[in-house]
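Trainee: Handing you a structure now.
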There are 4 protein chains.
Amino acid sequence: MTTEKGERRRQALAEAAGALLREGGFDAVRHRAVADRAGLPLASTTYYFDSLEELVTAAVELTSRQELAAGRAELDAGTEPDPLELVLDQLLGRESRKGGLDAVLLRYEQLVGAGRRPYLAPLMRTLRVELDALLTEALARAGHPLDAAALRRVVEVVDGAVLSALIEADPDPRATARAALLRVL
Amino acid sequence: MTTEKGERRRQALAEAAGALLREGGFDAVRHRAVADRAGLPLASTTYYFDSLEELVTAAVELTSRQELAAGRAELDAGTEPDPLELVLDQLLGRESRKGGLDAVLLRYEQLVGAGRRPYLAPLMRTLRVELDALLTEALARAGHPLDAAALRRVVEVVDGAVLSALIEADPDPRATARAALLRVL
Amino acid sequence: MTTEKGERRRQALAEAAGALLREGGFDAVRHRAVADRAGLPLASTTYYFDSLEELVTAAVELTSRQELAAGRAELDAGTEPDPLELVLDQLLGRESRKGGLDAVLLRYEQLVGAGRRPYLAPLMRTLRVELDALLTEALARAGHPLDAAALRRVVEVVDGAVLSALIEADPDPRATARAALLRVL
Amino acid sequence: MTTEKGERRRQALAEAAGALLREGGFDAVRHRAVADRAGLPLASTTYYFDSLEELVTAAVELTSRQELAAGRAELDAGTEPDPLELVLDQLLGRESRKGGLDAVLLRYEQLVGAGRRPYLAPLMRTLRVELDALLTEALARAGHPLDAAALRRVVEVVDGAVLSALIEADPDPRATARAALLRVL
DNA sequence: TATGAATGAGTCTTCATTCAT
DNA sequence: GATGAATGAAGACTCATTCAT
């Protein structure tokens, strides 16, 4: 039943929601804001998504898959000489290359936010599996073949370091994360 | 100027706000909810706190200081045979001893939430300093004298592990955290 | 886009606001009061008007245009044998024919109120232009062709007299205004 | 019973209320604002004035009497070479010498505001009598001896002109008023 | 299939006034 | 005599969701 046009609109809404999520966190994802952002009628948000939760879920999924796909593409293309940068892209968001805390916040907000939003949990776990696969490959290419448990530990260390950087208002969380990553490898 | 009774009411409101924060996150801290919880009139919330932000700040501070004070007391009393448990108390919340994720969530929510709530940043940094002092002492008593940088790294590892546990819906995040702690020491 | 019914409701709200404005001044125009008066739900007031200012503006405009239209109609119909009465209608409000101060107050309240309500200024100036055109025509028909400057002076004299009458609680401000008008012509 | 200190505080509150009235109109006169402005406790406002209406009344009276007294003093001192300026001072407020509309607004706001505030009417009439006496004297000294009726007409013309200036956002209402005054004399 | 219209519930906050001390 | 504490009522405004068309 899904018209092509319908699918396009659904995607536009999810993208708008994703942008809002990035900029203002979960609380910023409101029907009106999403509709305005997408340039679509207010009612289209509830027409294409039964509830706000569904819309948020779609936004998280879209956002994350775009990051994953970009990482995978670069990995396959072999463009990036330093695979560790690809790892940091995934853990901090590619936008973190530009510096600043905002870009980093979203990922951790989502991680923690999932705790209060059980409806996100399944998606988060799925995404994690895909993330782990990508990271494993990138680290192997960087000369660090790791098994699943070891990878987890590496990710945890970086996550912990970034969390810490967020609170300290560390001006360059990516550098901090990179240091932690090198230390643990 | 502050009456004793006035101070008690203020505290009651902050405590109610803290409970709501623990149970439902930042979004659950609303004037009405706090007032109802404390069994006080709605307007008392704005009488004692100029804005919701102030109330949230008071809630975070109260909650955190209670945890810190409890840890400090136990440490000084020497009741707890295993100082590492005190460390875990501080990083996961004492309630995590009972198991379950809910108790753990708050701390990380606050850490990340401070990112979207700049008004919390100063408090978070102050609390961090006090936390570090307590942890340093506890770890020293456990036979692990650490300098500031080393301590930070230990905390980061545990934080990363807990964050991971939250997403995995790990049934026993405390055990996971303990394992990470032992590994890094 | 606007449904006919929608337009009718918008108008009903503006009319309710206008009635409140007349009876109780600017302070009486509140969302709740307007909604109750119009027999519509509270939220309809913010649905049709983005803010209270917009609603007040609509009320002023509607009220004033109705007066203007009525004056124009009578002027064109030639019903009123004494065109000066039409002038007084415009300057004191048609309701002032019934006597009493209340009817007169609104116009002057709006004139002065615009000072504290900059958002009304553009509308007030537009209305003034239309008013001047109507008055010029009515006075010409009464045998007093006036240029713009002369008209302004006439209006000012009447306005001054009415203002004075308002404070004196003059029982018949219309008669006072008429006397001033005749004197200045 | 009135302590000297009590009387001083009453006056301080009335003065604070007057300042707020001038700056923000009737709506700006609130208990809290007045107390803050006067640097006195909130409850002192209701202690010294049974209601807000009383406080507003006191503010209007104080403000107006100060203007009157200043005018009278200058008149008696013979400082001001042009008595017409004293007339304008009274009709537009002395602050209007500095130019701008704000200074002028208050007087007309009070004139009109009295319509919605019957409790002000007696005071307004009393003040008018005193004003008329002062104006008569000033105009006589300027070579324009006028009887009561003629004076009223002069005042009305100026009032009308100023009202008009307020709406047009006339940058120099005082000049406009002066021109109207000269014209009518 | 879409969407403009609509609204009940709820948001934070302000305020005049009362009262116990 | 003075005032800190307190609060009921009301303020403007937001929002997720429903529904008729």
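All residue names refer to the structure tokens as shown: chains lettered A, B, ... in order, residues numbered from 1 in each chain, ligands numbered from 1 in order.
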Pick out the residues sitting within 12 Å of Ala150 (chain B), and hand them over as an MDAnalysis selection string; count only C-alpha atoms (C1' of nucleotides), and ignore anything fewer than 2 positions along from it in its own chain.
Mentor: chainID B and resid 132 135:136 139 144:148 152:157 184:185
Trainee: Taking the chain letters and numbering used in this document, name the residues of region 14-165 of chain D that DSSP puts in helix (DSSP H, G or I), as a VMD selection string.
Mentor: chain D and resid 14 to 24 26 to 28 31 to 38 42 to 48 52 to 77 83 to 92 94 to 98 102 to 116 118 to 141 148 to 165
Trainee: Write out as a list in words which residues come within 9 Å of region 175-183 of chain B when counting only C-alpha atoms (C1' of nucleotides), dropping same-chain ones fewer than 5 positions away.
Mentor: Arg153 of chain A; Leu84, Glu85, Leu88, Leu91, Leu92, Val154, Val155, Val157, Val158, Asp159, Gly160, Ala161, Val162, Ala165 and Asp170 of chain B
Trainee: Please save N, CA, C and O atoms of the selected residues as a compact mmCIF listing (two decimals), in the first residue's frame.
Mentor:
# COMPACT_ATOMS: atom_id res chain seq x y z
N ARG A 153 35.14 -3.97 25.64
CA ARG A 153 35.94 -3.28 26.65
C ARG A 153 36.54 -1.99 26.08
O ARG A 153 36.58 -0.96 26.74
N LEU B 84 35.76 -1.49 48.02
CA LEU B 84 35.35 -1.41 46.61
C LEU B 84 33.83 -1.29 46.49
O LEU B 84 33.32 -0.68 45.56
N GLU B 85 33.15 -1.87 47.45
CA GLU B 85 31.68 -1.76 47.43
C GLU B 85 31.26 -0.30 47.60
O GLU B 85 30.27 0.14 47.03
N LEU B 88 31.56 1.35 44.29
CA LEU B 88 30.41 1.01 43.43
C LEU B 88 29.16 1.75 43.90
O LEU B 88 28.35 2.20 43.08
N LEU B 91 29.33 5.11 42.37
CA LEU B 91 29.23 5.21 40.90
C LEU B 91 27.90 4.72 40.37
O LEU B 91 27.45 5.14 39.31
N LEU B 92 27.26 3.81 41.10
CA LEU B 92 25.98 3.28 40.62
C LEU B 92 24.81 3.72 41.48
O LEU B 92 23.66 3.49 41.12
N VAL B 154 40.07 5.16 36.07
CA VAL B 154 39.31 4.07 36.68
C VAL B 154 37.81 4.36 36.60
O VAL B 154 37.01 3.51 36.21
N VAL B 155 37.48 5.59 36.95
CA VAL B 155 36.06 5.95 36.92
C VAL B 155 35.50 5.83 35.51
O VAL B 155 34.40 5.32 35.28
N VAL B 157 36.41 3.91 33.13
CA VAL B 157 36.21 2.51 32.74
C VAL B 157 34.92 1.98 33.33
O VAL B 157 34.12 1.33 32.65
N VAL B 158 34.72 2.26 34.59
CA VAL B 158 33.49 1.76 35.21
C VAL B 158 32.27 2.42 34.57
O VAL B 158 31.28 1.76 34.25
N ASP B 159 32.36 3.73 34.38
CA ASP B 159 31.24 4.43 33.74
C ASP B 159 30.92 3.83 32.38
O ASP B 159 29.75 3.59 32.04
N GLY B 160 31.95 3.58 31.61
CA GLY B 160 31.73 3.00 30.29
C GLY B 160 31.06 1.64 30.39
O GLY B 160 30.14 1.33 29.64
N ALA B 161 31.49 0.86 31.35
CA ALA B 161 30.93 -0.48 31.50
C ALA B 161 29.46 -0.41 31.91
O ALA B 161 28.62 -1.17 31.43
N VAL B 162 29.16 0.55 32.77
CA VAL B 162 27.78 0.66 33.23
C VAL B 162 26.87 1.15 32.10
O VAL B 162 25.77 0.65 31.89
N ALA B 165 26.07 -1.62 30.10
CA ALA B 165 25.13 -2.51 30.78
C ALA B 165 23.71 -1.98 30.67
O ALA B 165 22.74 -2.74 30.55
N ASP B 170 21.43 -5.35 31.02
CA ASP B 170 22.17 -6.27 31.88
C ASP B 170 21.44 -6.41 33.21
O ASP B 170 21.20 -5.41 33.90
Trainee: Identify every residue of chain F that has at least one atom within 10 Å of any atom of chain C, counting only C-alpha atoms (C1' of nucleotides), and report the result as number ranges by chain.
Mentor: F: 10-14
Trainee: Determine which residues of chain E sit within 12 Å of chain D, taking into account only C-alpha atoms (C1' of nucleotides), and present them as a ChimeraX atom specification.
Mentor: /E:14-19
Trainee: Those residues you just picked out, can you put them in a file as a compact mmCIF listing (two decimals), in the first residue's frame with N, CA and C atoms (P, O5', C5', C4', C3', O3' and C1' of nucleotides)?
Mentor:
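Ended up saving to out10.txt:
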# COMPACT_ATOMS: atom_id res chain seq x y z
P DT E 14 7.19 34.47 37.34
O5' DT E 14 5.76 35.10 37.57
C5' DT E 14 4.99 35.52 36.46
C4' DT E 14 3.73 36.18 36.96
C3' DT E 14 3.95 37.16 38.11
O3' DT E 14 3.15 38.30 37.82
C1' DT E 14 2.35 35.53 38.75
P DC E 15 3.42 39.64 38.55
O5' DC E 15 2.20 39.70 39.55
C5' DC E 15 0.92 39.28 39.09
C4' DC E 15 -0.05 39.20 40.23
C3' DC E 15 0.32 40.04 41.45
O3' DC E 15 -0.79 40.79 41.85
C1' DC E 15 -0.19 37.84 42.11
P DA E 16 -0.60 42.22 42.46
O5' DA E 16 -1.88 42.24 43.39
C5' DA E 16 -3.12 41.85 42.82
C4' DA E 16 -4.03 41.28 43.89
C3' DA E 16 -4.14 42.14 45.14
O3' DA E 16 -5.49 42.10 45.58
C1' DA E 16 -3.24 40.00 45.71
P DT E 17 -5.87 43.05 46.79
O5' DT E 17 -5.79 41.97 47.96
C5' DT E 17 -6.44 40.72 47.76
C4' DT E 17 -6.03 39.74 48.83
C3' DT E 17 -6.05 40.29 50.27
O3' DT E 17 -6.98 39.52 51.00
C1' DT E 17 -4.14 38.97 49.87
P DT E 18 -7.43 40.05 52.44
O5' DT E 18 -6.94 38.81 53.32
C5' DT E 18 -7.25 37.50 52.88
C4' DT E 18 -6.45 36.49 53.69
C3' DT E 18 -6.50 36.75 55.20
O3' DT E 18 -6.76 35.49 55.83
C1' DT E 18 -4.26 36.59 54.48
P DC E 19 -7.29 35.47 57.31
O5' DC E 19 -6.00 34.97 58.10
C5' DC E 19 -5.27 33.85 57.58
C4' DC E 19 -3.95 33.72 58.33
C3' DC E 19 -4.03 34.18 59.79
O3' DC E 19 -3.31 33.24 60.56
C1' DC E 19 -2.24 35.21 58.72
Trainee: Could you work out how far CA of Gly18 (chain B) lies from CA of Gln90 (chain B), giving the answer in Å with one decimal?
Mentor: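 Distance between the two atoms: 16.5 Å.
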Trainee: Output as a ChimeraX atom specification the set of chain C residues within 8 Å of chain D, with distances taken over only C-alpha atoms.
Mentor: /C:24-25,105,108-109,111-116,121,124-125,153,155-161,163-164,166-168
Trainee: Keeping only N, CA and C atoms, take the residues you just selected and write them out as a PDB file, in the first residue's frame.
Mentor:
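Output (result10.pdb):
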ATOM      1  N   GLY C  24     -14.748  46.285  29.727  1.00  0.00           N
ATOM      2  CA  GLY C  24     -13.779  46.290  30.830  1.00  0.00           C
ATOM      3  C   GLY C  24     -12.400  46.788  30.466  1.00  0.00           C
ATOM      4  N   GLY C  25     -12.233  47.251  29.237  1.00  0.00           N
ATOM      5  CA  GLY C  25     -10.920  47.739  28.851  1.00  0.00           C
ATOM      6  C   GLY C  25      -9.968  46.614  28.467  1.00  0.00           C
ATOM      7  N   LEU C 105     -15.786  55.827  26.490  1.00  0.00           N
ATOM      8  CA  LEU C 105     -14.474  55.526  27.054  1.00  0.00           C
ATOM      9  C   LEU C 105     -13.577  54.753  26.092  1.00  0.00           C
ATOM     10  N   TYR C 108     -11.148  56.417  23.564  1.00  0.00           N
ATOM     11  CA  TYR C 108     -10.017  57.140  24.136  1.00  0.00           C
ATOM     12  C   TYR C 108      -9.045  56.189  24.830  1.00  0.00           C
ATOM     13  N   GLU C 109      -9.605  55.137  25.356  1.00  0.00           N
ATOM     14  CA  GLU C 109      -8.757  54.114  25.949  1.00  0.00           C
ATOM     15  C   GLU C 109      -7.860  53.492  24.877  1.00  0.00           C
ATOM     16  N   LEU C 111      -6.978  54.915  22.077  1.00  0.00           N
ATOM     17  CA  LEU C 111      -6.017  55.923  21.627  1.00  0.00           C
ATOM     18  C   LEU C 111      -4.816  55.946  22.558  1.00  0.00           C
ATOM     19  N   VAL C 112      -5.097  56.027  23.828  1.00  0.00           N
ATOM     20  CA  VAL C 112      -4.004  56.096  24.796  1.00  0.00           C
ATOM     21  C   VAL C 112      -3.346  54.732  24.958  1.00  0.00           C
ATOM     22  N   GLY C 113      -4.170  53.693  24.994  1.00  0.00           N
ATOM     23  CA  GLY C 113      -3.648  52.342  25.192  1.00  0.00           C
ATOM     24  C   GLY C 113      -2.624  51.960  24.143  1.00  0.00           C
ATOM     25  N   ALA C 114      -2.792  52.491  22.961  1.00  0.00           N
ATOM     26  CA  ALA C 114      -1.842  52.171  21.901  1.00  0.00           C
ATOM     27  C   ALA C 114      -0.434  52.603  22.298  1.00  0.00           C
ATOM     28  N   GLY C 115      -0.347  53.596  23.156  1.00  0.00           N
ATOM     29  CA  GLY C 115       0.962  54.065  23.622  1.00  0.00           C
ATOM     30  C   GLY C 115       1.730  52.971  24.335  1.00  0.00           C
ATOM     31  N   ARG C 116       1.039  52.203  25.177  1.00  0.00           N
ATOM     32  CA  ARG C 116       1.704  51.117  25.908  1.00  0.00           C
ATOM     33  C   ARG C 116       1.679  49.826  25.092  1.00  0.00           C
ATOM     34  N   ALA C 121      -0.003  50.125  17.169  1.00  0.00           N
ATOM     35  CA  ALA C 121       0.242  51.397  16.489  1.00  0.00           C
ATOM     36  C   ALA C 121      -0.081  51.377  14.993  1.00  0.00           C
ATOM     37  N   MET C 124      -3.745  51.434  14.424  1.00  0.00           N
ATOM     38  CA  MET C 124      -4.348  52.707  14.808  1.00  0.00           C
ATOM     39  C   MET C 124      -4.151  53.762  13.717  1.00  0.00           C
ATOM     40  N   ARG C 125      -2.990  53.743  13.126  1.00  0.00           N
ATOM     41  CA  ARG C 125      -2.738  54.747  12.091  1.00  0.00           C
ATOM     42  C   ARG C 125      -3.577  54.484  10.838  1.00  0.00           C
ATOM     43  N   ARG C 153      -7.455  69.534  13.272  1.00  0.00           N
ATOM     44  CA  ARG C 153      -7.679  70.481  14.355  1.00  0.00           C
ATOM     45  C   ARG C 153      -9.082  70.349  14.945  1.00  0.00           C
ATOM     46  N   VAL C 155     -10.884  67.631  14.934  1.00  0.00           N
ATOM     47  CA  VAL C 155     -10.930  66.384  15.703  1.00  0.00           C
ATOM     48  C   VAL C 155     -10.262  66.576  17.061  1.00  0.00           C
ATOM     49  N   GLU C 156      -9.156  67.266  17.045  1.00  0.00           N
ATOM     50  CA  GLU C 156      -8.434  67.469  18.297  1.00  0.00           C
ATOM     51  C   GLU C 156      -9.277  68.234  19.311  1.00  0.00           C
ATOM     52  N   VAL C 157      -9.974  69.212  18.835  1.00  0.00           N
ATOM     53  CA  VAL C 157     -10.807  69.985  19.748  1.00  0.00           C
ATOM     54  C   VAL C 157     -11.897  69.102  20.366  1.00  0.00           C
ATOM     55  N   VAL C 158     -12.523  68.331  19.518  1.00  0.00           N
ATOM     56  CA  VAL C 158     -13.565  67.450  20.049  1.00  0.00           C
ATOM     57  C   VAL C 158     -12.959  66.425  21.014  1.00  0.00           C
ATOM     58  N   ASP C 159     -11.853  65.832  20.602  1.00  0.00           N
ATOM     59  CA  ASP C 159     -11.193  64.854  21.474  1.00  0.00           C
ATOM     60  C   ASP C 159     -10.865  65.466  22.824  1.00  0.00           C
ATOM     61  N   GLY C 160     -10.318  66.647  22.793  1.00  0.00           N
ATOM     62  CA  GLY C 160      -9.976  67.324  24.043  1.00  0.00           C
ATOM     63  C   GLY C 160     -11.199  67.539  24.904  1.00  0.00           C
ATOM     64  N   ALA C 161     -12.274  67.934  24.275  1.00  0.00           N
ATOM     65  CA  ALA C 161     -13.494  68.189  25.032  1.00  0.00           C
ATOM     66  C   ALA C 161     -14.040  66.906  25.654  1.00  0.00           C
ATOM     67  N   LEU C 163     -12.335  64.171  26.378  1.00  0.00           N
ATOM     68  CA  LEU C 163     -11.414  63.756  27.433  1.00  0.00           C
ATOM     69  C   LEU C 163     -11.793  64.483  28.726  1.00  0.00           C
ATOM     70  N   SER C 164     -11.999  65.758  28.590  1.00  0.00           N
ATOM     71  CA  SER C 164     -12.386  66.557  29.732  1.00  0.00           C
ATOM     72  C   SER C 164     -13.701  66.069  30.322  1.00  0.00           C
ATOM     73  N   LEU C 166     -14.907  63.161  30.240  1.00  0.00           N
ATOM     74  CA  LEU C 166     -14.745  61.867  30.894  1.00  0.00           C
ATOM     75  C   LEU C 166     -14.335  62.039  32.348  1.00  0.00           C
ATOM     76  N   ILE C 167     -13.461  62.969  32.580  1.00  0.00           N
ATOM     77  CA  ILE C 167     -12.977  63.164  33.937  1.00  0.00           C
ATOM     78  C   ILE C 167     -14.030  63.841  34.808  1.00  0.00           C
ATOM     79  N   GLU C 168     -14.735  64.764  34.219  1.00  0.00           N
ATOM     80  CA  GLU C 168     -15.786  65.456  34.969  1.00  0.00           C
ATOM     81  C   GLU C 168     -16.996  64.560  35.214  1.00  0.00           C
TER      82      GLU C 168
END
Trainee: Neighbours of DA5 (chain F) within 12 Å (only C-alpha atoms (C1' of nucleotides); same-chain residues fewer than 2 positions away dropped), as a PyMOL selection string?
Mentor: (chain B and resi 1-7+9-10+43-44+47-48) or (chain D and resi 42-43) or (chain E and resi 18-21) or (chain F and resi 3+7)
Trainee: If you keep N, CA, C and O atoms (P, O5', C5', C4', C3', O3' and C1' of nucleotides), can you produce a file of those selected residues as a CSV table (one decimal), in the first residue's frame?
Mentor:
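Final file, result_27.csv:
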chain,number,residue,atom,x,y,z
B,1,MET,N,17.1,34.4,58.6
B,1,MET,CA,15.7,34.8,58.3
B,1,MET,C,14.8,33.5,58.1
B,1,MET,O,13.7,33.5,58.3
B,2,THR,N,15.5,32.5,57.5
B,2,THR,CA,14.7,31.3,57.2
B,2,THR,C,14.3,30.6,58.5
B,2,THR,O,15.1,30.2,59.3
B,3,THR,N,13.0,30.5,58.6
B,3,THR,CA,12.4,29.7,59.7
B,3,THR,C,12.9,28.3,59.6
B,3,THR,O,13.2,27.8,58.5
B,4,GLU,N,12.9,27.6,60.7
B,4,GLU,CA,13.2,26.2,60.7
B,4,GLU,C,12.2,25.4,59.9
B,4,GLU,O,12.5,24.6,59.1
B,5,LYS,N,11.0,25.8,60.1
B,5,LYS,CA,9.9,25.1,59.4
B,5,LYS,C,10.0,25.4,57.9
B,5,LYS,O,9.8,24.5,57.1
B,6,GLY,N,10.3,26.6,57.6
B,6,GLY,CA,10.5,26.9,56.1
B,6,GLY,C,11.6,26.1,55.5
B,6,GLY,O,11.4,25.5,54.4
B,7,GLU,N,12.7,25.9,56.2
B,7,GLU,CA,13.8,25.1,55.7
B,7,GLU,C,13.3,23.6,55.5
B,7,GLU,O,13.7,23.0,54.6
B,9,ARG,N,10.3,22.6,54.8
B,9,ARG,CA,9.5,22.5,53.7
B,9,ARG,C,10.3,22.5,52.4
B,9,ARG,O,10.1,21.8,51.4
B,10,ARG,N,11.2,23.4,52.4
B,10,ARG,CA,12.1,23.5,51.2
B,10,ARG,C,12.8,22.2,50.9
B,10,ARG,O,12.8,21.7,49.8
B,43,ALA,N,1.6,26.2,44.9
B,43,ALA,CA,2.3,27.5,44.9
B,43,ALA,C,3.5,27.5,45.8
B,43,ALA,O,4.4,28.3,45.7
B,44,SER,N,3.6,26.5,46.7
B,44,SER,CA,4.8,26.4,47.6
B,44,SER,C,6.0,26.1,46.7
B,44,SER,O,7.1,26.5,47.1
B,47,TYR,N,7.2,29.3,45.6
B,47,TYR,CA,7.5,30.2,46.7
B,47,TYR,C,8.9,29.8,47.2
B,47,TYR,O,9.7,30.7,47.4
B,48,TYR,N,9.3,28.6,47.2
B,48,TYR,CA,10.6,28.2,47.7
B,48,TYR,C,11.7,28.1,46.7
B,48,TYR,O,12.8,28.2,47.0
D,42,LEU,N,7.7,42.9,51.2
D,42,LEU,CA,6.4,42.8,50.5
D,42,LEU,C,5.2,43.1,51.3
D,42,LEU,O,4.3,43.9,50.9
D,43,ALA,N,5.2,42.6,52.5
D,43,ALA,CA,4.0,42.8,53.3
D,43,ALA,C,3.8,44.2,53.7
D,43,ALA,O,2.7,44.6,54.1
E,18,DT,P,-7.4,40.1,52.4
E,18,DT,O5',-6.9,38.8,53.3
E,18,DT,C5',-7.3,37.5,52.9
E,18,DT,C4',-6.5,36.5,53.7
E,18,DT,C3',-6.5,36.7,55.2
E,18,DT,O3',-6.8,35.5,55.8
E,18,DT,C1',-4.3,36.6,54.5
E,19,DC,P,-7.3,35.5,57.3
E,19,DC,O5',-6.0,35.0,58.1
E,19,DC,C5',-5.3,33.8,57.6
E,19,DC,C4',-4.0,33.7,58.3
E,19,DC,C3',-4.0,34.2,59.8
E,19,DC,O3',-3.3,33.2,60.6
E,19,DC,C1',-2.2,35.2,58.7
E,20,DA,P,-3.9,32.7,61.9
E,20,DA,O5',-2.6,32.0,62.5
E,20,DA,C5',-1.8,31.3,61.6
E,20,DA,C4',-0.3,31.5,62.0
E,20,DA,C3',0.0,31.6,63.5
E,20,DA,O3',1.2,30.9,63.8
E,20,DA,C1',0.7,33.6,62.5
E,21,DT,P,1.7,30.7,65.3
E,21,DT,O5',2.9,31.7,65.3
E,21,DT,C5',3.8,31.8,64.3
E,21,DT,C4',4.6,33.0,64.4
E,21,DT,C3',5.1,33.3,65.8
E,21,DT,O3',6.5,33.4,65.8
E,21,DT,C1',4.2,35.3,64.8
F,3,DT,P,8.9,45.7,58.5
F,3,DT,O5',8.6,44.1,58.2
F,3,DT,C5',9.3,43.2,59.0
F,3,DT,C4',8.8,41.8,58.7
F,3,DT,C3',8.7,41.5,57.2
F,3,DT,O3',9.3,40.2,57.0
F,3,DT,C1',6.8,40.8,58.2
F,7,DT,P,0.7,26.6,52.3
F,7,DT,O5',-0.4,27.3,51.3
F,7,DT,C5',-1.5,27.9,51.9
F,7,DT,C4',-2.3,28.6,50.8
F,7,DT,C3',-2.4,27.7,49.5
F,7,DT,O3',-3.8,27.8,49.1
F,7,DT,C1',-1.7,29.9,49.0
